[in-house]
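Source file: coords-v2.csv. Holds: CSV, C-alpha atoms (C1' of nucleotides).
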chain,number,residue,atom,x,y,z
H,25,MET,CA,79.9,7.4,39.3
H,26,TYR,CA,78.3,4.0,39.5
H,27,THR,CA,78.9,0.7,41.3
H,28,VAL,CA,78.8,-2.5,39.4
H,29,LYS,CA,75.2,-3.0,40.1
H,30,GLU,CA,74.2,0.5,39.1
H,31,ALA,CA,76.3,0.4,35.9
H,32,ALA,CA,74.8,-3.0,35.1
H,33,ASP,CA,71.3,-1.7,35.5
H,34,LYS,CA,72.0,1.4,33.4
H,35,MET,CA,73.5,-0.6,30.6
H,36,GLU,CA,70.8,-3.3,30.8
H,37,ILE,CA,73.1,-6.3,31.5
H,38,SER,CA,73.2,-8.5,34.5
H,39,GLU,CA,75.5,-7.6,37.4
H,40,HIS,CA,77.0,-11.1,37.1
H,41,THR,CA,77.9,-10.4,33.5
H,42,LEU,CA,79.5,-7.1,34.2
H,43,ARG,CA,81.6,-8.6,36.9
H,44,PHE,CA,82.5,-11.4,34.6
H,45,TRP,CA,83.5,-9.0,31.9
H,46,ALA,CA,85.5,-7.0,34.4
H,47,LYS,CA,87.3,-10.2,35.6
H,48,SER,CA,88.0,-10.9,31.9
H,49,GLY,CA,90.0,-7.7,31.8
H,50,PHE,CA,87.6,-5.7,29.6
H,51,PHE,CA,87.8,-2.6,31.8
H,52,PRO,CA,91.4,-2.3,33.2
H,53,PHE,CA,90.9,1.5,33.4
H,54,VAL,CA,88.0,1.4,35.8
H,55,LYS,CA,89.1,2.9,39.2
H,56,ARG,CA,88.3,1.6,42.6
H,57,ASN,CA,87.6,3.5,45.8
H,58,LYS,CA,89.5,3.0,49.0
H,59,ASN,CA,87.4,0.0,49.9
H,60,ASN,CA,88.3,-1.8,46.7
H,61,ILE,CA,84.9,-1.1,45.2
H,62,ARG,CA,84.8,-0.5,41.4
H,63,ILE,CA,83.5,3.0,40.5
H,64,PHE,CA,82.4,3.3,36.9
H,65,GLN,CA,82.3,6.7,35.3
H,66,ASP,CA,80.2,7.8,32.3
H,67,SER,CA,83.1,7.3,30.0
H,68,ASP,CA,83.4,3.7,31.3
H,69,LEU,CA,79.8,3.1,30.4
H,70,GLU,CA,80.8,3.9,26.8
H,71,TRP,CA,83.2,1.0,27.0
H,72,ILE,CA,80.5,-1.3,28.3
H,73,LYS,CA,78.4,-0.2,25.4
H,74,ILE,CA,81.1,-1.3,22.9
H,75,VAL,CA,81.7,-4.6,24.6
H,76,LYS,CA,78.0,-5.2,24.6
H,77,CYS,CA,77.9,-4.4,21.0
H,78,LEU,CA,80.8,-6.7,20.1
H,79,ARG,CA,79.4,-9.6,22.2
H,80,SER,CA,75.9,-9.2,20.7
H,81,VAL,CA,77.4,-9.7,17.3
H,82,GLY,CA,79.2,-12.8,18.4
H,83,ILE,CA,82.7,-11.6,18.8
H,84,ASP,CA,84.4,-13.9,21.4
H,85,ASN,CA,85.8,-12.7,24.6
H,86,LYS,CA,89.4,-13.3,23.6
H,87,SER,CA,89.0,-11.0,20.6
H,88,ILE,CA,87.2,-8.3,22.7
H,89,LYS,CA,90.1,-8.4,25.1
H,90,LYS,CA,92.5,-8.0,22.2
H,91,TYR,CA,90.5,-5.0,20.9
H,92,ILE,CA,90.5,-3.3,24.3
H,93,GLU,CA,94.3,-3.9,24.5
H,94,LEU,CA,94.8,-2.3,21.1
H,95,CYS,CA,92.8,0.7,22.3
H,96,ILE,CA,95.0,1.0,25.4
H,97,LYS,CA,98.1,0.6,23.3
H,98,GLY,CA,97.4,3.9,21.7
H,99,ASP,CA,97.2,5.6,18.3
H,100,SER,CA,99.7,3.2,16.6
H,101,THR,CA,96.9,0.6,16.5
H,102,ILE,CA,94.2,2.7,14.9
H,103,LYS,CA,94.4,1.0,11.5
H,104,GLU,CA,94.1,-2.4,13.1
H,105,ARG,CA,91.1,-1.3,15.2
H,106,TYR,CA,89.5,0.1,12.1
H,107,ASP,CA,89.8,-3.2,10.3
H,108,ILE,CA,88.3,-5.1,13.3
H,109,ILE,CA,85.3,-2.8,13.4
H,110,ARG,CA,84.9,-2.9,9.6
H,111,VAL,CA,84.9,-6.7,9.6
H,112,THR,CA,82.6,-6.8,12.6
H,113,LYS,CA,80.1,-4.5,10.9
H,114,GLU,CA,80.1,-6.8,7.9
H,115,LYS,CA,79.4,-9.7,10.1
H,116,ALA,CA,76.6,-7.9,11.8
H,117,GLN,CA,75.0,-7.0,8.5
H,118,SER,CA,75.0,-10.6,7.4
H,119,GLN,CA,73.4,-11.5,10.7
H,120,LEU,CA,70.8,-8.9,10.1
H,121,LYS,CA,69.9,-10.6,6.7
H,122,GLU,CA,69.9,-14.0,8.4
H,123,LEU,CA,67.6,-12.7,11.1
H,124,GLN,CA,65.2,-11.1,8.6
H,125,GLY,CA,65.0,-14.5,6.9
H,126,GLN,CA,64.1,-16.2,10.2
H,127,ILE,CA,61.5,-13.6,10.9
H,128,GLU,CA,59.9,-14.3,7.5
H,129,LEU,CA,59.8,-18.0,8.3
H,130,LEU,CA,58.2,-17.3,11.7
H,131,ASN,CA,55.8,-15.0,10.1
H,132,TYR,CA,54.9,-17.7,7.5
H,133,LYS,CA,54.3,-20.3,10.3
H,134,GLU,CA,52.3,-17.8,12.4
H,135,LYS,CA,50.0,-17.2,9.4
H,136,TYR,CA,49.8,-21.0,8.7
H,137,TYR,CA,48.8,-21.7,12.3
H,138,ARG,CA,46.3,-18.8,12.4
H,139,GLU,CA,44.6,-20.1,9.3
H,140,LEU,CA,44.4,-23.6,10.8
H,141,ILE,CA,42.8,-22.2,13.9
H,142,GLU,CA,40.3,-20.0,12.0
H,143,ASN,CA,39.3,-22.7,9.5
H,144,ASN,CA,39.4,-25.5,12.1
H,145,SER,CA,41.5,-27.6,9.7
H,146,LYS,CA,44.2,-30.2,10.0
H,147,ASP,CA,47.9,-29.6,10.1
H,148,THR,CA,48.9,-31.4,6.9
H,149,TRP,CA,52.4,-30.2,7.1
H,150,ASN,CA,53.2,-32.1,10.3
H,151,PRO,CA,55.0,-35.3,9.5
H,152,MET,CA,53.1,-37.0,12.2
H,153,ASN,CA,49.8,-36.4,10.3
H,154,LYS,CA,51.2,-37.8,7.1
H,155,LYS,CA,50.9,-41.4,5.9
E,4,MET,CA,67.7,-39.0,1.4
E,5,TYR,CA,70.7,-37.7,3.3
E,6,THR,CA,73.1,-38.9,5.9
E,7,VAL,CA,73.9,-36.8,8.9
E,8,LYS,CA,76.9,-35.2,7.1
E,9,GLU,CA,74.9,-34.5,3.9
E,10,ALA,CA,72.0,-33.0,5.7
E,11,ALA,CA,74.3,-30.9,7.9
E,12,ASP,CA,76.1,-29.6,4.8
E,13,LYS,CA,72.8,-28.9,3.0
E,14,MET,CA,71.4,-27.0,6.0
E,15,GLU,CA,74.7,-25.2,6.7
E,16,ILE,CA,75.2,-26.4,10.2
E,17,SER,CA,78.0,-28.6,11.6
E,18,GLU,CA,77.7,-32.4,11.6
E,19,HIS,CA,78.4,-32.3,15.3
E,20,THR,CA,75.5,-29.9,15.9
E,21,LEU,CA,73.1,-32.0,13.9
E,22,ARG,CA,74.1,-35.1,15.8
E,23,PHE,CA,73.7,-33.2,19.0
E,24,TRP,CA,70.3,-32.0,18.0
E,25,ALA,CA,69.3,-35.5,17.0
E,26,LYS,CA,70.5,-36.8,20.4
E,27,SER,CA,68.5,-34.0,22.1
E,28,GLY,CA,65.4,-35.6,20.6
E,29,PHE,CA,64.6,-32.9,18.0
E,30,PHE,CA,64.0,-35.3,15.2
E,31,PRO,CA,62.4,-38.5,16.6
E,32,PHE,CA,60.7,-39.1,13.3
E,33,VAL,CA,63.9,-39.5,11.3
E,34,LYS,CA,64.2,-43.1,10.0
E,35,ARG,CA,67.3,-45.2,10.0
E,36,ASN,CA,68.4,-47.8,7.6
E,37,LYS,CA,69.2,-51.4,8.5
E,38,ASN,CA,72.7,-50.4,9.6
E,39,ASN,CA,71.2,-48.0,12.1
E,40,ILE,CA,72.3,-45.0,10.0
E,41,ARG,CA,70.0,-41.9,10.1
E,42,ILE,CA,68.4,-41.1,6.8
E,43,PHE,CA,67.0,-37.6,6.5
E,44,GLN,CA,64.3,-36.9,4.0
E,45,ASP,CA,63.5,-33.5,2.4
E,46,SER,CA,60.7,-33.1,4.9
E,47,ASP,CA,63.1,-33.7,7.7
E,48,LEU,CA,65.3,-30.8,6.4
E,49,GLU,CA,62.3,-28.6,6.9
E,50,TRP,CA,62.4,-29.5,10.6
E,51,ILE,CA,66.1,-28.8,10.8
E,52,LYS,CA,65.2,-25.4,9.3
E,53,ILE,CA,62.7,-24.7,12.0
E,54,VAL,CA,65.1,-25.8,14.8
E,55,LYS,CA,67.8,-23.7,13.3
E,56,CYS,CA,65.4,-20.7,13.2
E,57,LEU,CA,64.3,-21.2,16.8
E,58,ARG,CA,67.9,-21.6,18.0
E,59,SER,CA,69.1,-18.6,16.1
E,60,VAL,CA,66.5,-16.5,17.9
E,61,GLY,CA,67.8,-17.8,21.3
E,62,ILE,CA,65.1,-20.3,22.1
E,63,ASP,CA,66.7,-22.9,24.4
E,64,ASN,CA,66.9,-26.5,23.6
E,65,LYS,CA,64.4,-27.6,26.2
E,66,SER,CA,61.8,-25.3,24.7
E,67,ILE,CA,62.6,-26.5,21.2
E,68,LYS,CA,62.1,-30.1,22.4
E,69,LYS,CA,58.8,-29.1,23.9
E,70,TYR,CA,57.7,-27.5,20.6
E,71,ILE,CA,58.6,-30.6,18.6
E,72,GLU,CA,56.7,-32.7,21.1
E,73,LEU,CA,53.6,-30.5,20.7
E,74,CYS,CA,53.9,-30.9,16.9
E,75,ILE,CA,54.0,-34.7,17.3
E,76,LYS,CA,51.1,-34.7,19.8
E,77,GLY,CA,48.9,-33.5,16.9
E,78,ASP,CA,46.2,-31.0,16.1
E,79,SER,CA,45.0,-30.5,19.7
E,80,THR,CA,48.2,-28.4,20.3
E,81,ILE,CA,47.9,-26.0,17.4
E,82,LYS,CA,46.8,-23.1,19.5
E,83,GLU,CA,49.7,-23.6,21.9
E,84,ARG,CA,52.2,-23.8,19.0
E,85,TYR,CA,50.7,-20.7,17.5
E,86,ASP,CA,51.4,-18.8,20.7
E,87,ILE,CA,55.0,-20.1,20.8
E,88,ILE,CA,55.6,-18.9,17.3
E,89,ARG,CA,53.9,-15.6,17.8
E,90,VAL,CA,56.0,-14.8,21.0
E,91,THR,CA,59.1,-16.1,19.3
E,92,LYS,CA,58.5,-13.7,16.3
E,93,GLU,CA,58.1,-10.8,18.7
E,94,LYS,CA,61.4,-11.7,20.3
E,95,ALA,CA,63.1,-11.9,17.0
E,96,GLN,CA,61.7,-8.5,16.0
E,97,SER,CA,63.1,-6.9,19.1
E,98,GLN,CA,66.4,-8.6,18.4
E,99,LEU,CA,66.3,-7.1,14.9
E,100,LYS,CA,65.9,-3.6,16.4
E,101,GLU,CA,68.7,-4.3,18.8
E,102,LEU,CA,71.0,-5.5,16.0
E,103,GLN,CA,70.2,-2.4,13.9
E,104,GLY,CA,71.3,-0.3,16.8
E,105,GLN,CA,74.5,-2.1,17.1
E,106,ILE,CA,75.2,-1.8,13.4
E,107,GLU,CA,74.7,1.9,13.8
E,108,LEU,CA,77.2,2.1,16.6
E,109,LEU,CA,79.7,0.0,14.5
E,110,ASN,CA,79.1,2.3,11.6
E,111,TYR,CA,79.8,5.4,13.7
E,112,LYS,CA,83.0,3.9,15.0
E,113,GLU,CA,84.1,2.8,11.6
E,114,LYS,CA,83.7,6.4,10.3
E,115,TYR,CA,85.5,7.8,13.4
E,116,TYR,CA,88.5,5.6,12.8
E,117,ARG,CA,88.5,6.3,9.1
E,118,GLU,CA,88.6,10.0,9.7
E,119,LEU,CA,91.4,9.5,12.2
E,120,ILE,CA,93.4,7.7,9.6
E,121,GLU,CA,92.7,10.1,6.8
E,122,ASN,CA,93.5,13.2,8.9
E,123,ASN,CA,96.3,11.5,10.7
E,124,SER,CA,94.9,12.8,14.0
E,125,LYS,CA,94.8,11.5,17.6
E,126,ASP,CA,92.2,9.3,19.2
E,127,THR,CA,90.7,11.7,21.7
E,128,TRP,CA,88.0,9.3,22.6
E,129,ASN,CA,90.3,6.7,24.1
E,130,PRO,CA,90.4,7.0,27.9
E,131,MET,CA,94.1,6.2,27.7
E,132,ASN,CA,94.8,9.3,25.8
E,133,LYS,CA,93.0,11.5,28.2
E,134,LYS,CA,94.6,13.2,31.2
S,4,DT,C1',78.6,-0.2,71.5
S,5,DT,C1',77.2,-3.8,69.4
S,6,DA,C1',74.5,-5.7,65.8
S,7,DT,C1',71.7,-5.8,61.9
S,8,DG,C1',71.1,-5.3,57.1
S,9,DA,C1',72.4,-3.8,52.7
S,10,DC,C1',75.7,-3.3,50.0
S,11,DT,C1',80.4,-4.7,48.0
S,12,DT,C1',84.3,-8.1,47.0
S,13,DT,C1',86.5,-12.8,45.3
S,14,DA,C1',86.9,-17.7,44.3
S,15,DG,C1',85.0,-21.3,42.5
S,16,DA,C1',81.1,-24.5,41.3
S,17,DG,C1',77.2,-25.2,38.1
S,18,DT,C1',74.8,-24.8,33.5
S,19,DC,C1',74.0,-24.7,28.7
S,20,DA,C1',75.0,-25.6,24.1
S,21,DC,C1',77.8,-27.0,21.6
S,22,DT,C1',82.5,-29.1,20.0
S,23,DC,C1',85.6,-32.6,19.9
S,24,DT,C1',87.8,-37.2,20.7
S,25,DC,C1',87.6,-41.8,20.7
S,26,DA,C1',86.5,-46.6,20.4
S,27,DG,C1',83.7,-49.4,17.9
S,28,DT,C1',80.6,-51.1,13.7
S,29,DC,C1',79.9,-51.9,9.1
S,30,DA,C1',80.1,-52.1,3.7
S,31,DA,C1',83.1,-51.6,-0.3
S,32,DG,C1',87.4,-51.9,-2.7
S,33,DC,C1',92.1,-54.0,-3.1
Z,21,DG,C1',91.5,-61.1,4.7
Z,22,DC,C1',92.7,-56.2,5.3
Z,23,DT,C1',92.2,-51.4,4.9
Z,24,DT,C1',89.6,-47.2,4.2
Z,25,DG,C1',86.1,-44.2,5.2
Z,26,DA,C1',81.7,-42.9,6.9
Z,27,DC,C1',78.8,-43.9,10.5
Z,28,DT,C1',77.6,-44.8,15.7
Z,29,DG,C1',77.2,-43.4,21.0
Z,30,DA,C1',79.6,-42.1,25.2
Z,31,DG,C1',81.7,-38.9,27.3
Z,32,DA,C1',85.4,-35.2,28.0
Z,33,DG,C1',86.4,-30.3,26.9
Z,34,DT,C1',85.2,-25.3,26.0
Z,35,DG,C1',83.2,-20.6,26.1
Z,36,DA,C1',80.4,-17.6,28.3
Z,37,DC,C1',77.9,-16.9,31.4
Z,38,DT,C1',75.2,-17.6,36.0
Z,39,DC,C1',75.1,-18.5,40.6
Z,40,DT,C1',76.6,-19.4,45.5
Z,41,DA,C1',79.3,-18.8,49.5
Z,42,DA,C1',82.3,-16.4,52.4
Z,43,DA,C1',84.2,-12.3,53.8
Z,44,DG,C1',84.7,-7.1,54.1
Z,45,DT,C1',82.6,-2.3,54.8
Z,46,DC,C1',79.5,1.0,56.3
Z,47,DA,C1',75.2,3.4,58.0
Z,48,DT,C1',71.8,3.2,61.3
Z,49,DA,C1',68.9,1.2,65.1
Z,50,DA,C1',68.7,-0.8,69.8
Could you quickly redo this structure as structure tokens?
Amino acid sequence: MYTVKEAADKMEISEHTLRFWAKSGFFPFVKRNKNNIRIFQDSDLEWIKIVKCLRSVGIDNKSIKKYIELCIKGDSTIKERYDIIRVTKEKAQSQLKELQGQIELLNYKEKYYRELIENNSKDTWNPMNKK
Amino acid sequence: MYTVKEAADKMEISEHTLRFWAKSGFFPFVKRNKNNIRIFQDSDLEWIKIVKCLRSVGIDNKSIKKYIELCIKGDSTIKERYDIIRVTKEKAQSQLKELQGQIELLNYKEKYYRELIENNSKDTWNPMNKK
DNA sequence: TTATGACTTTAGAGTCACTCTCAGTCAAGC
DNA sequence: GCTTGACTGAGAGTGACTCTAAAGTCATAA
């Protein structure tokens, strides 16, 4: 049983973001107490986890909403949900490759700068140092 | 020698984004022809590559601008640039870990759905199917 | 018993990074 | 000359937050 703030802390997102997601209709099943306060249960945190996952892979909020609605609609939508997850995983995997490439580039530049510093030499790569 | 459109195509970003980046002051060294048209050289594409890399790791445009300005300022800023790249690489590496975790979750869900389909069983995980 | 403070709620304004539309310029081809 | 097509900058629109303000609830201290 968590308030918005507690759930946000536990899931490592901002309170604002969790409220925004709630307002966006991502958690229609979250109950409220008699004072209209949202009370998240452990099972609700699992949903936050999935939303967080989908968002971090760049799925837009409209599509996340759609996915949640499919879940609520019940077992008739399992095939459709399966396809969404499969495509999303493929997307995530290509992002992983991309990110690995970027890390390589950063690594190359890091080494380049370190050598410049160690050898006290000039940055010949910089277009401002050319011509 | 590329126009905005050609450079954008080559670097796999949208023409709009490249224009936006140019307007943001990321490529002050890009020359223009007599008709005021930006002409990107191969060395300029390397800069686009770096900007793309920094953006994709979540560095904000203000910080990218600052990094570009440090480069232009010359060799006195090498240490500072080194630090930026080092921190950025660390950031990217933790993003990589995060992304790997998300892929694992997607993988788990994919398997779960596939088994539901194969065995024609009910989605017991769905909060809408409970109670 | 009132009031103070620490929480919650919502609506709505602000921000960032695009993303798009549009009016205008210019060189080349008909 | 006229149109086509690619370029230009200004500025409006969008998505996803991010923040602020005002109002409600509740426990505890004066």
Q.
List as a ChimeraX atom specification the protein and nucleic acid residues near Asp126 (chain E), meaning an atom at most 12 Å away when all atoms listed in the file are counted, but skip any in the same chain fewer than 4 places from it.
A. /H:95-103,105-106 /E:112,115-120,122,130-133
Q | Residue hits in chain H, query chain S, radius 10 Å, only C-alpha atoms (C1' of nucleotides), as a list in words | A |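 That gives Thr27, Val28, Lys29, Asn59, Asn60, Ile61 and Arg62 of chain H for chain H.
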**Q.** Shell around region 89-103 of chain E at 10 Å using all atoms listed in the file, local window under 5 positions removed, as a VMD selection string
**A.** (chain H and resid 77 80 to 81 116 to 117 119 to 121 123 to 124 126 to 131 133 to 135 137 to 138) or (chain E and resid 56 to 57 59 to 62 83 to 84 108 to 109)
(Q) Near chain E, meaning an atom within 12 Å, which residues of chain Z appear when counting all atoms listed in the file? Write them as a PyMOL selection string. (A) chain Z and resi 26-30
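Relative to CA of Asp107 (chain H), CA of Lys90 (chain H) is found at 13.1 Å.
Atom pair CA of Thr127 (chain E) / CA of Ile109 (chain H) has a distance of 17.6 Å (rounded to one decimal).
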Q: Enter the distance from CA of Val54 (chain H) to C1' of DA47 (chain Z), in Å, rounded to one decimal.
A: 25.7 Å
Just fit chain E onto chain H on all the Cα atoms, in order, by least squares, and give it as a short mmCIF file (atom, residue, chain, number, x, y, z; two decimals) with C-alpha atoms, in the frame of the given file.
data_model
loop_
_atom_site.label_atom_id
_atom_site.label_comp_id
_atom_site.auth_asym_id
_atom_site.auth_seq_id
_atom_site.Cartn_x
_atom_site.Cartn_y
_atom_site.Cartn_z
CA MET E 4 79.89 7.35 39.27
CA TYR E 5 78.33 3.92 39.51
CA THR E 6 78.90 0.71 41.34
CA VAL E 7 78.90 -2.57 39.53
CA LYS E 8 75.14 -3.05 40.19
CA GLU E 9 74.26 0.53 39.10
CA ALA E 10 76.27 0.36 35.96
CA ALA E 11 74.88 -3.09 35.11
CA ASP E 12 71.33 -1.79 35.59
CA LYS E 13 72.04 1.35 33.53
CA MET E 14 73.54 -0.68 30.68
CA GLU E 15 70.86 -3.40 30.89
CA ILE E 16 73.12 -6.30 31.52
CA SER E 17 73.32 -8.56 34.60
CA GLU E 18 75.59 -7.68 37.54
CA HIS E 19 77.13 -11.10 37.17
CA THR E 20 77.98 -10.46 33.52
CA LEU E 21 79.54 -7.11 34.27
CA ARG E 22 81.65 -8.63 37.01
CA PHE E 23 82.62 -11.38 34.66
CA TRP E 24 83.57 -8.93 32.00
CA ALA E 25 85.56 -6.90 34.49
CA LYS E 26 87.38 -10.09 35.60
CA SER E 27 88.05 -10.91 31.91
CA GLY E 28 90.06 -7.69 31.78
CA PHE E 29 87.66 -5.64 29.61
CA PHE E 30 87.81 -2.57 31.74
CA PRO E 31 91.34 -2.24 33.22
CA PHE E 32 90.92 1.50 33.37
CA VAL E 33 88.02 1.45 35.81
CA LYS E 34 89.08 3.03 39.15
CA ARG E 35 88.26 1.73 42.57
CA ASN E 36 87.67 3.57 45.72
CA LYS E 37 89.62 3.08 48.94
CA ASN E 38 87.47 0.08 49.85
CA ASN E 39 88.48 -1.59 46.62
CA ILE E 40 84.99 -1.05 45.15
CA ARG E 41 84.81 -0.45 41.34
CA ILE E 42 83.57 2.96 40.40
CA PHE E 43 82.38 3.31 36.83
CA GLN E 44 82.33 6.70 35.22
CA ASP E 45 80.10 7.80 32.29
CA SER E 46 83.02 7.22 29.98
CA ASP E 47 83.38 3.73 31.29
CA LEU E 48 79.69 3.04 30.36
CA GLU E 49 80.66 3.86 26.83
CA TRP E 50 83.12 0.96 26.95
CA ILE E 51 80.51 -1.36 28.38
CA LYS E 52 78.40 -0.28 25.37
CA ILE E 53 81.08 -1.25 22.95
CA VAL E 54 81.71 -4.64 24.66
CA LYS E 55 78.03 -5.29 24.69
CA CYS E 56 77.85 -4.46 20.95
CA LEU E 57 80.80 -6.70 20.10
CA ARG E 58 79.41 -9.57 22.19
CA SER E 59 75.97 -9.24 20.74
CA VAL E 60 77.45 -9.69 17.28
CA GLY E 61 79.21 -12.92 18.44
CA ILE E 62 82.72 -11.63 18.86
CA ASP E 63 84.40 -13.89 21.44
CA ASN E 64 85.79 -12.67 24.64
CA LYS E 65 89.41 -13.21 23.70
CA SER E 66 88.97 -11.00 20.66
CA ILE E 67 87.19 -8.36 22.71
CA LYS E 68 90.13 -8.38 25.16
CA LYS E 69 92.50 -7.99 22.26
CA TYR E 70 90.50 -5.00 20.94
CA ILE E 71 90.53 -3.27 24.33
CA GLU E 72 94.25 -3.88 24.55
CA LEU E 73 94.79 -2.27 21.13
CA CYS E 74 92.72 0.74 22.30
CA ILE E 75 94.95 1.08 25.38
CA LYS E 76 98.16 0.62 23.34
CA GLY E 77 97.30 3.97 21.68
CA ASP E 78 97.20 5.63 18.30
CA SER E 79 99.67 3.25 16.59
CA THR E 80 96.83 0.62 16.52
CA ILE E 81 94.12 2.69 14.92
CA LYS E 82 94.38 1.04 11.57
CA GLU E 83 94.14 -2.41 13.14
CA ARG E 84 91.08 -1.38 15.19
CA TYR E 85 89.51 0.08 12.11
CA ASP E 86 89.79 -3.27 10.37
CA ILE E 87 88.28 -5.08 13.38
CA ILE E 88 85.32 -2.78 13.36
CA ARG E 89 84.87 -2.88 9.65
CA VAL E 90 84.87 -6.79 9.57
CA THR E 91 82.68 -6.85 12.64
CA LYS E 92 80.10 -4.53 10.89
CA GLU E 93 80.09 -6.81 7.87
CA LYS E 94 79.38 -9.76 10.13
CA ALA E 95 76.60 -7.96 11.82
CA GLN E 96 75.07 -7.02 8.45
CA SER E 97 75.02 -10.61 7.36
CA GLN E 98 73.48 -11.53 10.68
CA LEU E 99 70.80 -8.90 10.03
CA LYS E 100 69.97 -10.56 6.68
CA GLU E 101 69.90 -13.92 8.36
CA LEU E 102 67.56 -12.67 11.11
CA GLN E 103 65.22 -11.11 8.51
CA GLY E 104 64.97 -14.47 6.88
CA GLN E 105 64.10 -16.13 10.05
CA ILE E 106 61.46 -13.55 10.86
CA GLU E 107 59.97 -14.30 7.49
CA LEU E 108 59.82 -17.99 8.20
CA LEU E 109 58.24 -17.25 11.66
CA ASN E 110 55.76 -14.99 9.97
CA TYR E 111 54.78 -17.67 7.45
CA LYS E 112 54.30 -20.20 10.20
CA GLU E 113 52.33 -17.82 12.31
CA LYS E 114 49.90 -17.22 9.38
CA TYR E 115 49.71 -20.99 8.67
CA TYR E 116 48.68 -21.73 12.22
CA ARG E 117 46.26 -18.85 12.31
CA GLU E 118 44.51 -20.09 9.24
CA LEU E 119 44.39 -23.57 10.74
CA ILE E 120 42.68 -22.20 13.77
CA GLU E 121 40.27 -19.99 11.93
CA ASN E 122 39.23 -22.72 9.46
CA ASN E 123 39.38 -25.40 12.06
CA SER E 124 41.37 -27.57 9.64
CA LYS E 125 44.12 -30.21 10.00
CA ASP E 126 47.85 -29.67 10.08
CA THR E 127 48.86 -31.34 6.85
CA TRP E 128 52.37 -30.15 7.17
CA ASN E 129 53.16 -32.14 10.28
CA PRO E 130 55.03 -35.35 9.41
CA MET E 131 53.02 -37.06 12.13
CA ASN E 132 49.84 -36.48 10.32
CA LYS E 133 51.09 -37.87 7.11
CA LYS E 134 50.81 -41.51 6.06
#
Q | Contacts of Phe29 (chain E) at 8 Å (only C-alpha atoms (C1' of nucleotides); same-chain gap of 2+ positions) as a list in words | A |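 Counting only C-alpha atoms (C1' of nucleotides), the residues come to Trp24, Ala25, Lys26, Ser27, Pro31, Val54, Ile67, Lys68 and Ile71 of chain E.
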How would region 32-43 of chain E read, as a PDB file, in the frame of the given file, once N, CA and C atoms are built in?
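File out04.pdb, as written:
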ATOM      1  N   PHE E  32      61.343 -38.483  14.423  1.00  0.00           N
ATOM      2  CA  PHE E  32      60.700 -39.100  13.300  1.00  0.00           C
ATOM      3  C   PHE E  32      61.646 -39.490  12.167  1.00  0.00           C
ATOM      4  N   VAL E  33      62.925 -39.144  12.330  1.00  0.00           N
ATOM      5  CA  VAL E  33      63.900 -39.500  11.300  1.00  0.00           C
ATOM      6  C   VAL E  33      64.155 -40.991  11.307  1.00  0.00           C
ATOM      7  N   LYS E  34      64.008 -41.597  10.130  1.00  0.00           N
ATOM      8  CA  LYS E  34      64.200 -43.100  10.000  1.00  0.00           C
ATOM      9  C   LYS E  34      65.648 -43.434   9.914  1.00  0.00           C
ATOM     10  N   ARG E  35      65.916 -44.676  10.192  1.00  0.00           N
ATOM     11  CA  ARG E  35      67.300 -45.200  10.000  1.00  0.00           C
ATOM     12  C   ARG E  35      67.222 -46.404   9.098  1.00  0.00           C
ATOM     13  N   ASN E  36      68.331 -46.651   8.440  1.00  0.00           N
ATOM     14  CA  ASN E  36      68.400 -47.800   7.600  1.00  0.00           C
ATOM     15  C   ASN E  36      68.762 -49.064   8.383  1.00  0.00           C
ATOM     16  N   LYS E  37      68.930 -50.166   7.715  1.00  0.00           N
ATOM     17  CA  LYS E  37      69.200 -51.400   8.500  1.00  0.00           C
ATOM     18  C   LYS E  37      70.507 -51.402   9.216  1.00  0.00           C
ATOM     19  N   ASN E  38      71.410 -50.472   8.841  1.00  0.00           N
ATOM     20  CA  ASN E  38      72.700 -50.400   9.600  1.00  0.00           C
ATOM     21  C   ASN E  38      72.630 -49.311  10.685  1.00  0.00           C
ATOM     22  N   ASN E  39      71.414 -48.917  11.030  1.00  0.00           N
ATOM     23  CA  ASN E  39      71.200 -48.000  12.100  1.00  0.00           C
ATOM     24  C   ASN E  39      71.664 -46.540  11.743  1.00  0.00           C
ATOM     25  N   ILE E  40      71.823 -46.279  10.454  1.00  0.00           N
ATOM     26  CA  ILE E  40      72.300 -45.000  10.000  1.00  0.00           C
ATOM     27  C   ILE E  40      71.031 -44.077   9.762  1.00  0.00           C
ATOM     28  N   ARG E  41      71.096 -42.862  10.298  1.00  0.00           N
ATOM     29  CA  ARG E  41      70.000 -41.900  10.100  1.00  0.00           C
ATOM     30  C   ARG E  41      69.875 -41.483   8.660  1.00  0.00           C
ATOM     31  N   ILE E  42      68.673 -41.558   8.131  1.00  0.00           N
ATOM     32  CA  ILE E  42      68.400 -41.100   6.800  1.00  0.00           C
ATOM     33  C   ILE E  42      67.437 -39.961   6.797  1.00  0.00           C
ATOM     34  N   PHE E  43      67.929 -38.762   6.515  1.00  0.00           N
ATOM     35  CA  PHE E  43      67.000 -37.600   6.500  1.00  0.00           C
ATOM     36  C   PHE E  43      66.371 -37.437   5.155  1.00  0.00           C
TER      37      PHE E  43
END
